[in-house]
$ cat model26.cif   # mmCIF, C-alpha atoms
data_query
loop_
_atom_site.label_atom_id
_atom_site.label_comp_id
_atom_site.auth_asym_id
_atom_site.auth_seq_id
_atom_site.Cartn_x
_atom_site.Cartn_y
_atom_site.Cartn_z
CA MET J 1 74.17 -37.13 96.63
CA ILE J 2 72.92 -38.92 99.71
CA ARG J 3 72.20 -35.54 101.28
CA ASN J 4 70.11 -34.48 98.27
CA ILE J 5 68.14 -37.71 98.42
CA SER J 6 67.48 -37.20 102.12
CA ILE J 7 66.25 -33.66 101.52
CA ALA J 8 63.99 -34.88 98.71
CA LEU J 9 62.55 -37.58 100.96
CA LEU J 10 61.92 -35.03 103.70
CA VAL J 11 60.15 -32.75 101.26
CA VAL J 12 57.98 -35.61 99.99
CA ALA J 13 57.22 -36.71 103.53
CA ALA J 14 56.34 -33.16 104.55
CA ALA J 15 54.11 -32.77 101.51
CA LEU J 16 52.44 -36.09 102.29
CA ILE J 17 51.88 -35.12 105.91
CA LEU J 18 50.53 -31.75 104.84
CA THR J 19 48.18 -33.37 102.34
CA ILE J 20 46.88 -35.88 104.87
CA SER J 21 46.46 -33.25 107.58
CA SER J 22 44.59 -30.96 105.18
CA CYS J 23 42.03 -33.67 104.38
CA GLU J 24 38.77 -34.02 106.28
CA ARG J 25 36.37 -36.94 106.23
CA VAL J 26 32.63 -36.31 106.17
CA ALA J 27 31.12 -38.10 109.17
CA PRO J 28 28.47 -40.85 108.77
CA ASN J 29 24.88 -39.54 108.54
CA TYR J 30 26.23 -36.11 107.62
CA VAL J 31 26.45 -34.39 104.27
CA GLY J 32 29.49 -32.29 103.48
CA VAL J 33 29.13 -28.87 101.88
CA LEU J 34 32.41 -27.64 100.43
CA MET J 35 33.02 -23.93 99.97
CA GLU J 36 35.73 -22.99 97.47
CA ASN J 37 37.37 -19.70 96.47
CA TYR J 38 36.10 -18.08 99.68
CA GLY J 39 32.59 -18.25 98.19
CA LYS J 40 33.30 -15.22 95.99
CA ALA J 41 31.16 -16.55 93.15
CA GLY J 42 28.19 -16.95 95.48
CA LYS J 43 26.22 -20.17 95.60
CA ALA J 44 28.18 -21.57 92.63
CA ASP J 45 31.20 -21.99 94.93
CA PHE J 46 29.29 -24.40 97.21
CA SER J 47 28.77 -28.09 96.51
CA THR J 48 27.87 -31.24 98.44
CA THR J 49 30.47 -33.94 99.00
CA LYS J 50 31.10 -37.16 100.92
CA GLY J 51 34.06 -39.20 102.08
CA ARG J 52 37.52 -37.63 102.38
CA VAL J 53 37.73 -34.02 101.23
CA ASN J 54 40.87 -31.98 100.53
CA THR J 55 40.72 -28.55 102.17
CA LEU J 56 44.36 -27.62 101.42
CA TYR J 57 43.65 -24.89 98.91
CA PRO J 58 43.18 -21.33 100.22
CA GLY J 59 39.55 -20.27 100.52
CA THR J 60 38.40 -23.88 100.88
CA GLU J 61 36.23 -24.81 103.85
CA LEU J 62 34.17 -27.90 104.65
CA PHE J 63 30.84 -27.64 106.46
CA GLN J 64 29.50 -30.86 107.96
CA VAL J 65 25.70 -30.78 108.08
CA PRO J 66 23.86 -33.49 110.11
CA LEU J 67 20.96 -35.23 108.40
CA PHE J 68 19.46 -36.67 111.59
CA GLU J 69 16.80 -34.90 113.69
CA GLN J 70 17.94 -31.99 115.82
CA ARG J 71 16.14 -31.25 119.11
CA ALA J 72 16.35 -27.80 120.65
CA LYS J 73 14.79 -25.50 123.24
CA PHE J 74 15.17 -21.91 124.31
CA ASP J 75 17.63 -21.28 127.13
CA ASP J 76 15.33 -18.71 128.74
CA PRO J 77 11.52 -18.26 128.70
CA LEU J 78 10.11 -15.85 126.11
CA SER J 79 8.16 -12.83 127.35
CA LEU J 80 4.97 -12.29 125.34
CA LYS J 81 1.86 -10.09 125.56
CA ALA J 82 -1.73 -10.86 124.65
CA ALA J 83 -4.07 -8.51 122.78
CA ASP J 84 -5.35 -7.09 126.10
CA ASN J 85 -1.74 -6.35 127.15
CA THR J 86 -1.53 -9.24 129.64
CA ALA J 87 2.05 -10.50 129.96
CA PHE J 88 2.79 -14.22 129.89
CA GLN J 89 5.70 -16.52 129.12
CA SER J 90 6.48 -19.34 126.74
CA ASN J 91 9.07 -22.12 126.87
CA PRO J 92 9.18 -23.38 123.27
CA THR J 93 10.73 -26.69 122.32
CA TYR J 94 11.14 -27.86 118.74
CA SER J 95 12.82 -30.42 116.53
CA TYR J 96 13.83 -30.31 112.89
CA ALA J 97 16.06 -31.90 110.26
CA VAL J 98 18.03 -30.54 107.34
CA ILE J 99 16.51 -31.39 103.95
CA GLU J 100 19.41 -33.15 102.23
CA SER J 101 18.71 -31.63 98.83
CA ARG J 102 18.76 -28.17 100.45
CA ALA J 103 22.02 -28.60 102.41
CA VAL J 104 23.83 -26.11 100.16
CA ASP J 105 21.11 -23.52 100.87
CA VAL J 106 21.48 -24.06 104.63
CA VAL J 107 25.24 -23.44 104.49
CA PHE J 108 25.18 -20.67 101.90
CA GLN J 109 22.60 -18.65 103.87
CA ASN J 110 24.43 -19.12 107.19
CA LYS J 111 28.14 -19.47 106.32
CA GLN J 112 28.92 -16.47 108.54
CA LEU J 113 28.29 -18.73 111.56
CA GLY J 114 31.46 -20.76 110.87
CA SER J 115 32.03 -24.36 109.86
CA GLY J 116 32.86 -25.84 113.26
CA GLU J 117 31.09 -28.55 115.20
CA ASP J 118 28.72 -25.95 116.68
CA PHE J 119 27.38 -24.83 113.30
CA MET J 120 23.86 -26.13 113.96
CA ARG J 121 23.83 -24.78 117.51
CA ALA J 122 24.92 -21.38 116.19
CA LEU J 123 22.17 -21.60 113.58
CA GLU J 124 19.59 -22.22 116.32
CA ASP J 125 20.83 -19.50 118.67
CA ASN J 126 21.35 -16.75 116.09
CA ILE J 127 18.81 -17.41 113.36
CA LEU J 128 16.07 -19.94 114.07
CA GLU J 129 15.10 -18.93 117.59
CA ALA J 130 15.11 -15.24 116.69
CA LYS J 131 12.60 -15.99 113.92
CA ILE J 132 10.47 -18.12 116.24
CA TYR J 133 10.39 -15.30 118.81
CA ASP J 134 9.33 -12.75 116.18
CA ILE J 135 6.50 -15.02 115.00
CA MET J 136 5.26 -15.72 118.53
CA LYS J 137 5.32 -12.04 119.51
CA GLU J 138 3.24 -11.08 116.49
CA GLU J 139 0.73 -13.91 116.87
CA SER J 140 0.27 -13.44 120.63
CA ARG J 141 -1.06 -9.94 119.95
CA LYS J 142 -3.96 -11.51 118.04
CA PHE J 143 -5.28 -13.44 121.07
CA THR J 144 -6.87 -12.13 124.26
CA THR J 145 -5.96 -13.67 127.59
CA ASP J 146 -9.42 -15.23 127.87
CA SER J 147 -9.12 -16.86 124.44
CA LEU J 148 -5.67 -18.23 125.23
CA MET J 149 -6.80 -19.74 128.53
CA ALA J 150 -10.15 -21.05 127.30
CA ASN J 151 -10.51 -24.71 126.38
CA GLY J 152 -8.37 -25.30 123.30
CA GLY J 153 -7.28 -21.65 123.18
CA SER J 154 -3.58 -22.24 123.66
CA LEU J 155 -3.76 -25.14 121.20
CA ARG J 156 -5.18 -22.86 118.47
CA PHE J 157 -2.40 -20.35 119.17
CA GLU J 158 0.22 -23.09 119.02
CA GLU J 159 -1.15 -24.45 115.72
CA ARG J 160 -0.98 -21.02 114.11
CA VAL J 161 2.58 -20.45 115.35
CA GLN J 162 3.65 -23.93 114.27
CA ASN J 163 2.33 -23.38 110.73
CA LEU J 164 4.24 -20.11 110.41
CA VAL J 165 7.44 -21.57 111.88
CA GLU J 166 7.17 -24.55 109.55
CA LYS J 167 7.02 -22.23 106.52
CA GLU J 168 9.98 -20.20 107.81
CA PHE J 169 12.06 -23.34 108.36
CA ASN J 170 11.17 -24.72 104.95
CA ASN J 171 12.34 -21.49 103.33
CA ARG J 172 15.69 -22.11 105.01
CA GLY J 173 16.02 -25.72 103.88
CA LEU J 174 14.80 -27.27 107.13
CA ASN J 175 11.92 -29.59 107.91
CA LEU J 176 10.15 -28.79 111.20
CA THR J 177 9.06 -32.06 112.85
CA THR J 178 7.69 -30.99 116.26
CA PHE J 179 6.85 -27.74 118.03
CA SER J 180 5.45 -26.92 121.48
CA SER J 181 4.90 -23.40 122.84
CA GLN J 182 4.20 -24.31 126.53
CA LEU J 183 2.47 -21.11 127.68
CA GLU J 184 2.66 -20.00 131.31
CA PHE J 185 0.52 -17.32 133.01
CA SER J 186 1.12 -15.70 136.38
CA ASP J 187 -0.81 -16.95 139.42
CA LYS J 188 -2.66 -13.62 139.56
CA VAL J 189 -3.91 -13.90 135.97
CA THR J 190 -4.76 -17.59 136.39
CA LYS J 191 -6.81 -16.90 139.54
CA LYS J 192 -8.62 -14.01 137.85
CA ILE J 193 -9.58 -16.15 134.87
CA ASP J 194 -10.62 -19.06 137.12
CA ASN J 195 -12.93 -16.77 139.12
CA ARG J 196 -14.44 -15.40 135.93
CA ASN J 197 -15.00 -18.89 134.57
CA GLU J 198 -16.69 -19.90 137.82
CA VAL J 199 -19.03 -16.91 137.62
CA ASN J 200 -19.84 -17.72 133.98
CA THR J 201 -20.56 -21.32 134.93
CA ASN J 202 -22.90 -20.24 137.75
CA VAL J 203 -24.73 -17.82 135.45
CA SER J 204 -25.15 -20.58 132.88
CA VAL J 205 -26.64 -22.88 135.53
CA LEU J 206 -29.05 -20.16 136.64
CA ASP J 207 -30.09 -19.52 133.03
CA GLN J 208 -30.92 -23.21 132.64
CA GLN J 209 -32.91 -23.20 135.88
CA ILE J 210 -34.89 -20.14 134.73
CA ILE J 211 -35.72 -21.83 131.42
CA GLU J 212 -36.75 -24.99 133.25
CA GLN J 213 -38.99 -23.06 135.70
CA ARG J 214 -40.59 -21.14 132.82
CA LYS J 215 -41.49 -24.43 131.16
CA ARG J 216 -42.92 -25.76 134.43
CA ASN J 217 -45.09 -22.62 134.76
CA GLN J 218 -46.37 -23.03 131.21
CA LEU J 219 -47.25 -26.67 131.91
CA ALA J 220 -49.08 -25.70 135.09
CA GLU J 221 -51.09 -23.08 133.16
CA LEU J 222 -52.09 -25.64 130.56
CA LYS J 223 -53.19 -28.11 133.21
CA ALA J 224 -55.20 -25.39 135.00
CA LEU J 225 -56.92 -24.48 131.72
CA GLU J 226 -57.72 -28.14 131.11
CA ASN J 227 -59.25 -28.51 134.57
CA LYS J 228 -61.30 -25.33 134.05
CA ILE J 229 -62.73 -26.65 130.85
CA ILE J 230 -63.65 -29.95 132.46
CA SER J 231 -65.20 -28.31 135.52
CA SER J 232 -67.20 -25.78 133.46
CA GLY J 233 -69.86 -28.46 132.97
CA ILE J 234 -70.64 -29.97 129.57
CA THR J 235 -74.44 -30.59 129.60
CA PRO J 236 -76.37 -33.14 127.48
CA GLU J 237 -77.98 -30.26 125.59
CA LEU J 238 -74.48 -28.96 124.62
CA LEU J 239 -73.47 -32.39 123.40
CA GLN J 240 -76.69 -32.67 121.34
CA GLN J 241 -76.09 -29.26 119.77
CA GLN J 242 -72.54 -30.23 118.81
CA ALA J 243 -73.86 -33.47 117.26
CA ILE J 244 -76.39 -31.58 115.15
CA GLU J 245 -73.74 -29.14 113.95
CA LYS J 246 -71.50 -31.99 112.86
CA TRP J 247 -74.31 -34.14 111.24
CA ASP J 248 -73.89 -34.61 107.49
CA GLY J 249 -77.64 -35.11 106.86
CA LYS J 250 -77.49 -38.87 106.34
CA LEU J 251 -79.52 -41.35 108.41
CA PRO J 252 -78.35 -44.82 109.38
CA SER J 253 -79.56 -47.47 106.90
CA THR J 254 -81.10 -49.52 109.71
CA TRP J 255 -83.14 -46.62 111.05
CA SER J 256 -86.86 -46.20 110.54
CA GLY J 257 -89.03 -43.67 112.20
CA SER J 258 -90.21 -40.12 112.05
CA SER J 259 -87.62 -38.42 114.23
CA LEU J 260 -83.87 -38.22 114.40
CA PRO J 261 -82.51 -40.97 116.65
CA PHE J 262 -80.21 -38.60 118.51
CA VAL J 263 -82.80 -35.84 119.03
CA LYS J 264 -85.27 -36.05 121.85
CA THR J 265 -88.78 -34.84 121.03
CA VAL J 266 -89.85 -32.16 123.45
CA LYS J 267 -93.54 -32.40 124.32
#
$ encode --input "model26.cif" --output "C-alpha coordinates"
Amino acid sequence: MIRNISIALLVVAAALILTISSCERVAPNYVGVLMENYGKAGKADFSTTKGRVNTLYPGTELFQVPLFEQRAKFDDPLSLKAADNTAFQSNPTYSYAVIESRAVDVVFQNKQLGSGEDFMRALEDNILEAKIYDIMKEESRKFTTDSLMANGGSLRFEERVQNLVEKEFNNRGLNLTTFSSQLEFSDKVTKKIDNRNEVNTNVSVLDQQIIEQRKRNQLAELKALENKIISSGITPELLQQQAIEKWDGKLPSTWSGSSLPFVKTVK
(Lines of atoms letter the chains of each structure in order from A and count residues from 1; the text may use other names and numbers.)
(Lines give C-alpha, C1' and ligand atoms only; values in the text may rest on other atoms or scores of the structure.)
Protein backbone atom coordinates (compact mmCIF):
# COMPACT_ATOMS: atom_id res chain seq x y z
CA MET A 1 0.00 0.00 0.00
CA ILE A 2 2.70 2.42 1.05
CA ARG A 3 4.71 1.37 -1.99
CA ASN A 4 1.78 2.10 -4.31
CA ILE A 5 1.33 5.53 -2.75
CA SER A 6 5.02 6.28 -3.21
CA ILE A 7 4.88 5.27 -6.86
CA ALA A 8 1.79 7.43 -7.38
CA LEU A 9 3.52 10.41 -5.77
CA LEU A 10 6.56 9.89 -7.97
CA VAL A 11 4.39 9.77 -11.06
CA VAL A 12 2.58 12.96 -10.04
CA ALA A 13 5.87 14.67 -9.25
CA ALA A 14 7.35 13.57 -12.57
CA ALA A 15 4.28 14.79 -14.42
CA LEU A 16 4.45 18.10 -12.56
CA ILE A 17 8.14 18.51 -13.34
CA LEU A 18 7.50 17.63 -16.97
CA THR A 19 4.65 20.13 -17.18
CA ILE A 20 6.71 22.91 -15.62
CA SER A 21 9.74 22.18 -17.78
CA SER A 22 7.60 22.14 -20.92
CA CYS A 23 6.26 25.63 -20.21
CA GLU A 24 7.89 28.77 -21.58
CA ARG A 25 7.26 32.35 -20.54
CA VAL A 26 7.07 35.08 -23.16
CA ALA A 27 9.68 37.70 -22.27
CA PRO A 28 8.72 41.35 -21.54
CA ASN A 29 8.48 43.56 -24.65
CA TYR A 30 8.15 40.44 -26.79
CA VAL A 31 5.12 38.87 -28.39
CA GLY A 32 4.83 35.10 -28.47
CA VAL A 33 3.74 33.31 -31.63
CA LEU A 34 2.68 29.74 -30.93
CA MET A 35 2.82 27.14 -33.68
CA GLU A 36 0.65 24.05 -33.16
CA ASN A 37 0.24 20.76 -35.02
CA TYR A 38 3.58 21.35 -36.78
CA GLY A 39 1.87 24.13 -38.75
CA LYS A 40 0.20 21.59 -41.04
CA ALA A 41 -2.93 23.71 -41.41
CA GLY A 42 -0.87 26.69 -42.54
CA LYS A 43 -1.34 30.10 -40.99
CA ALA A 44 -4.36 28.86 -39.00
CA ASP A 45 -1.98 26.90 -36.75
CA PHE A 46 -0.20 30.11 -35.64
CA SER A 47 -1.47 32.47 -32.96
CA THR A 48 -0.09 35.20 -30.70
CA THR A 49 0.22 34.61 -26.97
CA LYS A 50 1.67 36.12 -23.79
CA GLY A 51 2.69 34.95 -20.35
CA ARG A 52 3.43 31.27 -19.67
CA VAL A 53 2.84 28.96 -22.63
CA ASN A 54 2.64 25.16 -22.60
CA THR A 55 4.76 23.61 -25.35
CA LEU A 56 4.37 20.00 -24.14
CA TYR A 57 2.26 18.75 -27.01
CA PRO A 58 4.05 17.36 -30.08
CA GLY A 59 4.29 19.81 -32.97
CA THR A 60 4.04 22.79 -30.61
CA GLU A 61 6.70 25.48 -30.80
CA LEU A 62 6.91 28.98 -29.35
CA PHE A 63 8.54 31.83 -31.27
CA GLN A 64 9.46 34.90 -29.24
CA VAL A 65 9.37 38.01 -31.44
CA PRO A 66 10.86 41.29 -30.05
CA LEU A 67 8.74 44.41 -30.41
CA PHE A 68 11.59 46.86 -29.78
CA GLU A 69 13.76 48.36 -32.54
CA GLN A 70 16.36 46.10 -34.11
CA ARG A 71 19.62 47.61 -35.43
CA ALA A 72 21.67 45.75 -38.01
CA LYS A 73 24.46 46.12 -40.55
CA PHE A 74 26.08 43.97 -43.19
CA ASP A 75 29.10 41.97 -42.07
CA ASP A 76 30.93 42.66 -45.33
CA PRO A 77 30.74 45.56 -47.84
CA LEU A 78 28.46 45.06 -50.85
CA SER A 79 30.01 45.16 -54.32
CA LEU A 80 27.92 47.24 -56.74
CA LYS A 81 28.28 48.62 -60.27
CA ALA A 82 27.05 51.88 -61.74
CA ALA A 83 25.41 52.28 -65.16
CA ASP A 84 28.83 52.99 -66.74
CA ASN A 85 30.19 49.75 -65.23
CA THR A 86 32.23 51.49 -62.51
CA ALA A 87 32.57 49.27 -59.43
CA PHE A 88 32.00 50.69 -55.97
CA GLN A 89 31.07 49.46 -52.50
CA SER A 90 28.35 50.06 -49.96
CA ASN A 91 28.22 49.46 -46.21
CA PRO A 92 24.48 49.58 -45.43
CA THR A 93 23.14 50.00 -41.93
CA TYR A 94 19.45 49.83 -41.06
CA SER A 95 17.00 49.55 -38.20
CA TYR A 96 13.48 48.18 -38.06
CA ALA A 97 10.78 46.87 -35.73
CA VAL A 98 8.21 44.11 -36.01
CA ILE A 99 4.65 45.38 -36.46
CA GLU A 100 2.87 43.73 -33.54
CA SER A 101 -0.31 43.02 -35.49
CA ARG A 102 1.81 41.29 -38.16
CA ALA A 103 3.88 39.10 -35.80
CA VAL A 104 2.13 35.93 -37.04
CA ASP A 105 3.06 36.85 -40.63
CA VAL A 106 6.70 37.34 -39.64
CA VAL A 107 6.89 33.88 -38.04
CA PHE A 108 4.74 32.07 -40.60
CA GLN A 109 6.83 33.34 -43.52
CA ASN A 110 10.15 32.53 -41.81
CA LYS A 111 9.46 29.55 -39.52
CA GLN A 112 12.14 27.55 -41.35
CA LEU A 113 14.75 29.71 -39.57
CA GLY A 114 13.95 28.12 -36.19
CA SER A 115 12.45 29.50 -32.99
CA GLY A 116 15.64 30.07 -31.00
CA GLU A 117 17.05 33.28 -29.60
CA ASP A 118 18.76 34.00 -32.93
CA PHE A 119 15.50 34.05 -34.91
CA MET A 120 15.76 37.75 -35.76
CA ARG A 121 19.45 37.50 -36.57
CA ALA A 122 18.72 34.56 -38.87
CA LEU A 123 15.95 36.61 -40.47
CA GLU A 124 18.41 39.44 -41.17
CA ASP A 125 21.20 37.23 -42.49
CA ASN A 126 19.10 34.95 -44.69
CA ILE A 127 16.16 37.04 -45.82
CA LEU A 128 16.32 40.79 -45.22
CA GLU A 129 19.89 41.50 -46.27
CA ALA A 130 19.55 39.35 -49.38
CA LYS A 131 16.55 41.46 -50.43
CA ILE A 132 18.40 44.70 -49.67
CA TYR A 133 21.34 43.56 -51.80
CA ASP A 134 19.06 42.69 -54.73
CA ILE A 135 17.40 46.10 -54.56
CA MET A 136 20.71 47.98 -54.37
CA LYS A 137 22.22 46.04 -57.27
CA GLU A 138 19.25 46.83 -59.50
CA GLU A 139 19.07 50.50 -58.55
CA SER A 140 22.82 51.13 -58.85
CA ARG A 141 22.59 50.21 -62.54
CA LYS A 142 20.30 53.21 -63.06
CA PHE A 143 22.92 55.76 -61.94
CA THR A 144 26.17 56.77 -63.62
CA THR A 145 29.28 57.31 -61.54
CA ASP A 146 29.13 61.06 -62.18
CA SER A 147 25.52 61.25 -60.98
CA LEU A 148 26.29 59.26 -57.84
CA MET A 149 29.26 61.46 -56.94
CA ALA A 150 27.65 64.78 -57.85
CA ASN A 151 26.18 66.98 -55.13
CA GLY A 152 23.18 65.12 -53.72
CA GLY A 153 23.67 62.20 -56.12
CA SER A 154 24.28 59.53 -53.51
CA LEU A 155 21.40 60.95 -51.45
CA ARG A 156 18.97 60.51 -54.37
CA PHE A 157 20.19 56.93 -54.81
CA GLU A 158 19.79 56.25 -51.09
CA GLU A 159 16.26 57.69 -51.04
CA ARG A 160 15.18 55.45 -53.91
CA VAL A 161 16.70 52.38 -52.27
CA GLN A 162 15.18 53.26 -48.90
CA ASN A 163 11.69 53.57 -50.41
CA LEU A 164 11.97 50.16 -52.06
CA VAL A 165 13.40 48.52 -48.92
CA GLU A 166 10.64 50.07 -46.84
CA LYS A 167 7.99 48.52 -49.10
CA GLU A 168 9.73 45.13 -48.99
CA PHE A 169 9.94 45.21 -45.19
CA ASN A 170 6.31 46.25 -44.86
CA ASN A 171 5.26 43.30 -47.00
CA ARG A 172 7.03 41.10 -44.47
CA GLY A 173 5.40 42.66 -41.41
CA LEU A 174 8.30 44.95 -40.53
CA ASN A 175 8.56 48.70 -40.18
CA LEU A 176 11.82 50.16 -41.53
CA THR A 177 12.90 53.08 -39.30
CA THR A 178 16.34 54.07 -40.65
CA PHE A 179 18.52 53.20 -43.64
CA SER A 180 21.96 54.37 -44.79
CA SER A 181 23.79 53.07 -47.86
CA GLN A 182 27.27 54.64 -47.18
CA LEU A 183 28.77 54.45 -50.68
CA GLU A 184 32.53 54.17 -51.16
CA PHE A 185 34.48 54.69 -54.41
CA SER A 186 38.09 53.75 -55.10
CA ASP A 187 40.79 56.43 -54.89
CA LYS A 188 41.31 56.15 -58.66
CA VAL A 189 37.65 56.86 -59.45
CA THR A 190 37.46 59.64 -56.86
CA LYS A 191 40.55 61.37 -58.29
CA LYS A 192 39.21 61.06 -61.83
CA ILE A 193 35.89 62.62 -60.88
CA ASP A 194 37.61 65.38 -58.87
CA ASN A 195 39.79 66.29 -61.87
CA ARG A 196 36.75 66.36 -64.13
CA ASN A 197 34.86 68.56 -61.70
CA GLU A 198 37.82 70.93 -61.53
CA VAL A 199 37.92 71.20 -65.33
CA ASN A 200 34.17 71.83 -65.44
CA THR A 201 34.53 74.53 -62.80
CA ASN A 202 37.33 76.24 -64.75
CA VAL A 203 35.31 76.12 -67.97
CA SER A 204 32.34 77.63 -66.17
CA VAL A 205 34.52 80.48 -64.88
CA LEU A 206 35.88 81.12 -68.38
CA ASP A 207 32.35 81.15 -69.81
CA GLN A 208 31.37 83.81 -67.27
CA GLN A 209 34.45 85.87 -68.11
CA ILE A 210 33.65 85.68 -71.84
CA ILE A 211 30.08 86.85 -71.22
CA GLU A 212 31.36 89.68 -69.03
CA GLN A 213 33.93 90.79 -71.66
CA ARG A 214 31.28 90.67 -74.39
CA LYS A 215 29.10 93.01 -72.34
CA ARG A 216 32.04 95.35 -71.76
CA ASN A 217 32.71 95.46 -75.53
CA GLN A 218 29.06 96.27 -76.23
CA LEU A 219 29.16 99.08 -73.68
CA ALA A 220 32.34 100.48 -75.21
CA GLU A 221 30.70 100.44 -78.67
CA LEU A 222 27.69 102.33 -77.36
CA LYS A 223 29.88 104.95 -75.72
CA ALA A 224 31.93 105.35 -78.92
CA LEU A 225 28.73 105.84 -80.92
CA GLU A 226 27.53 108.42 -78.41
CA ASN A 227 30.80 110.35 -78.67
CA LYS A 228 30.63 110.22 -82.48
CA ILE A 229 27.20 111.71 -82.49
CA ILE A 230 28.25 114.49 -80.14
CA SER A 231 31.41 115.27 -82.09
CA SER A 232 29.63 115.26 -85.48
CA GLY A 233 28.60 118.86 -84.82
CA ILE A 234 24.97 119.88 -84.32
CA THR A 235 24.68 123.36 -85.94
CA PRO A 236 22.09 126.08 -85.12
CA GLU A 237 20.56 125.57 -88.57
CA LEU A 238 20.01 121.85 -87.75
CA LEU A 239 18.35 122.74 -84.47
CA GLN A 240 16.09 125.27 -86.24
CA GLN A 241 15.08 122.70 -88.85
CA GLN A 242 14.20 120.17 -86.13
CA ALA A 243 12.11 122.84 -84.35
CA ILE A 244 10.15 123.60 -87.52
CA GLU A 245 9.49 119.92 -88.14
CA LYS A 246 8.13 119.49 -84.64
CA TRP A 247 6.04 122.77 -84.60
CA ASP A 248 2.29 122.19 -84.31
CA GLY A 249 1.37 125.48 -86.07
CA LYS A 250 0.31 127.35 -82.93
CA LEU A 251 1.87 130.67 -81.85
CA PRO A 252 2.38 131.73 -78.26
CA SER A 253 -0.53 133.86 -76.98
CA THR A 254 1.85 136.63 -75.90
CA TRP A 255 3.48 136.90 -79.32
CA SER A 256 2.81 139.67 -81.80
CA GLY A 257 4.70 140.29 -84.96
CA SER A 258 5.01 139.28 -88.55
CA SER A 259 7.56 136.51 -88.29
CA LEU A 260 7.99 133.33 -86.34
CA PRO A 261 9.88 134.01 -83.11
CA PHE A 262 12.20 131.06 -83.59
CA VAL A 263 12.98 131.74 -87.27
CA LYS A 264 15.58 134.27 -88.23
CA THR A 265 14.74 136.40 -91.27
CA VAL A 266 17.46 136.13 -93.87
CA LYS A 267 18.07 139.42 -95.67
$ resolve_selection --input "model26.cif" --expression "the PyMOL selection byres ((chain J and resi 24-30) around 6)" --output "list in words"
Cys23, Val31, Gly32, Lys50, Gly51, Arg52, Val53, Val65, Pro66 and Leu67 of chain J
$ closest_residue --input "model26.cif" --among "J:Asn163, J:Ser47, J:Asn54, J:Asn170" --to "Val107 of chain J" --atoms "only C-alpha atoms"
J:Ser47
$ residues_near_point --input "model26.cif" --point "(17.7, -30.0, 110.6)" --cutoff "6 Å" --atoms "all atoms listed in the file" --output "ChimeraX atom specification"
/J:69-70,96-98,174
$ write_last_selection --input "model26.cif" --atoms "C-alpha atoms" --output "mmCIF file, in the frame of the given file"
data_model
loop_
_atom_site.group_PDB
_atom_site.id
_atom_site.type_symbol
_atom_site.label_atom_id
_atom_site.label_comp_id
_atom_site.auth_asym_id
_atom_site.auth_seq_id
_atom_site.Cartn_x
_atom_site.Cartn_y
_atom_site.Cartn_z
ATOM 1 C CA GLU J 69 16.800 -34.900 113.690
ATOM 2 C CA GLN J 70 17.940 -31.990 115.820
ATOM 3 C CA TYR J 96 13.830 -30.310 112.890
ATOM 4 C CA ALA J 97 16.060 -31.900 110.260
ATOM 5 C CA VAL J 98 18.030 -30.540 107.340
ATOM 6 C CA LEU J 174 14.800 -27.270 107.130
#
$ axis_aligned_box --input "model26.cif" --around "segment 93-102 of chain J" --padding-each-side "6 Å" --output "AutoDock Vina command-line options"
--center_x 15.1 --center_y -29.9 --center_z 110.6 --size_x 20.7 --size_y 18.5 --size_z 35.5
$ atom_distance --input "model26.cif" --atom1 "atom CA of Ala82 of chain J" --atom2 "atom CA of Phe143 of chain J"
5.7 Å
$ closest_residue --input "model26.cif" --among "J:Gln208, J:Asn171, J:Asn151, J:Ser180" --to "Ile99 of chain J" --atoms "all atoms listed in the file"
J:Asn171
$ atom_distance --input "model26.cif" --atom1 "atom CA of Val161 of chain J" --atom2 "atom CA of Met136 of chain J"
6.3 Å
$ closest_residue --input "model26.cif" --among "J:Ala72, J:Ile211, J:Leu225, J:Leu80" --to "Tyr94 of chain J" --atoms "all atoms listed in the file"
J:Ala72
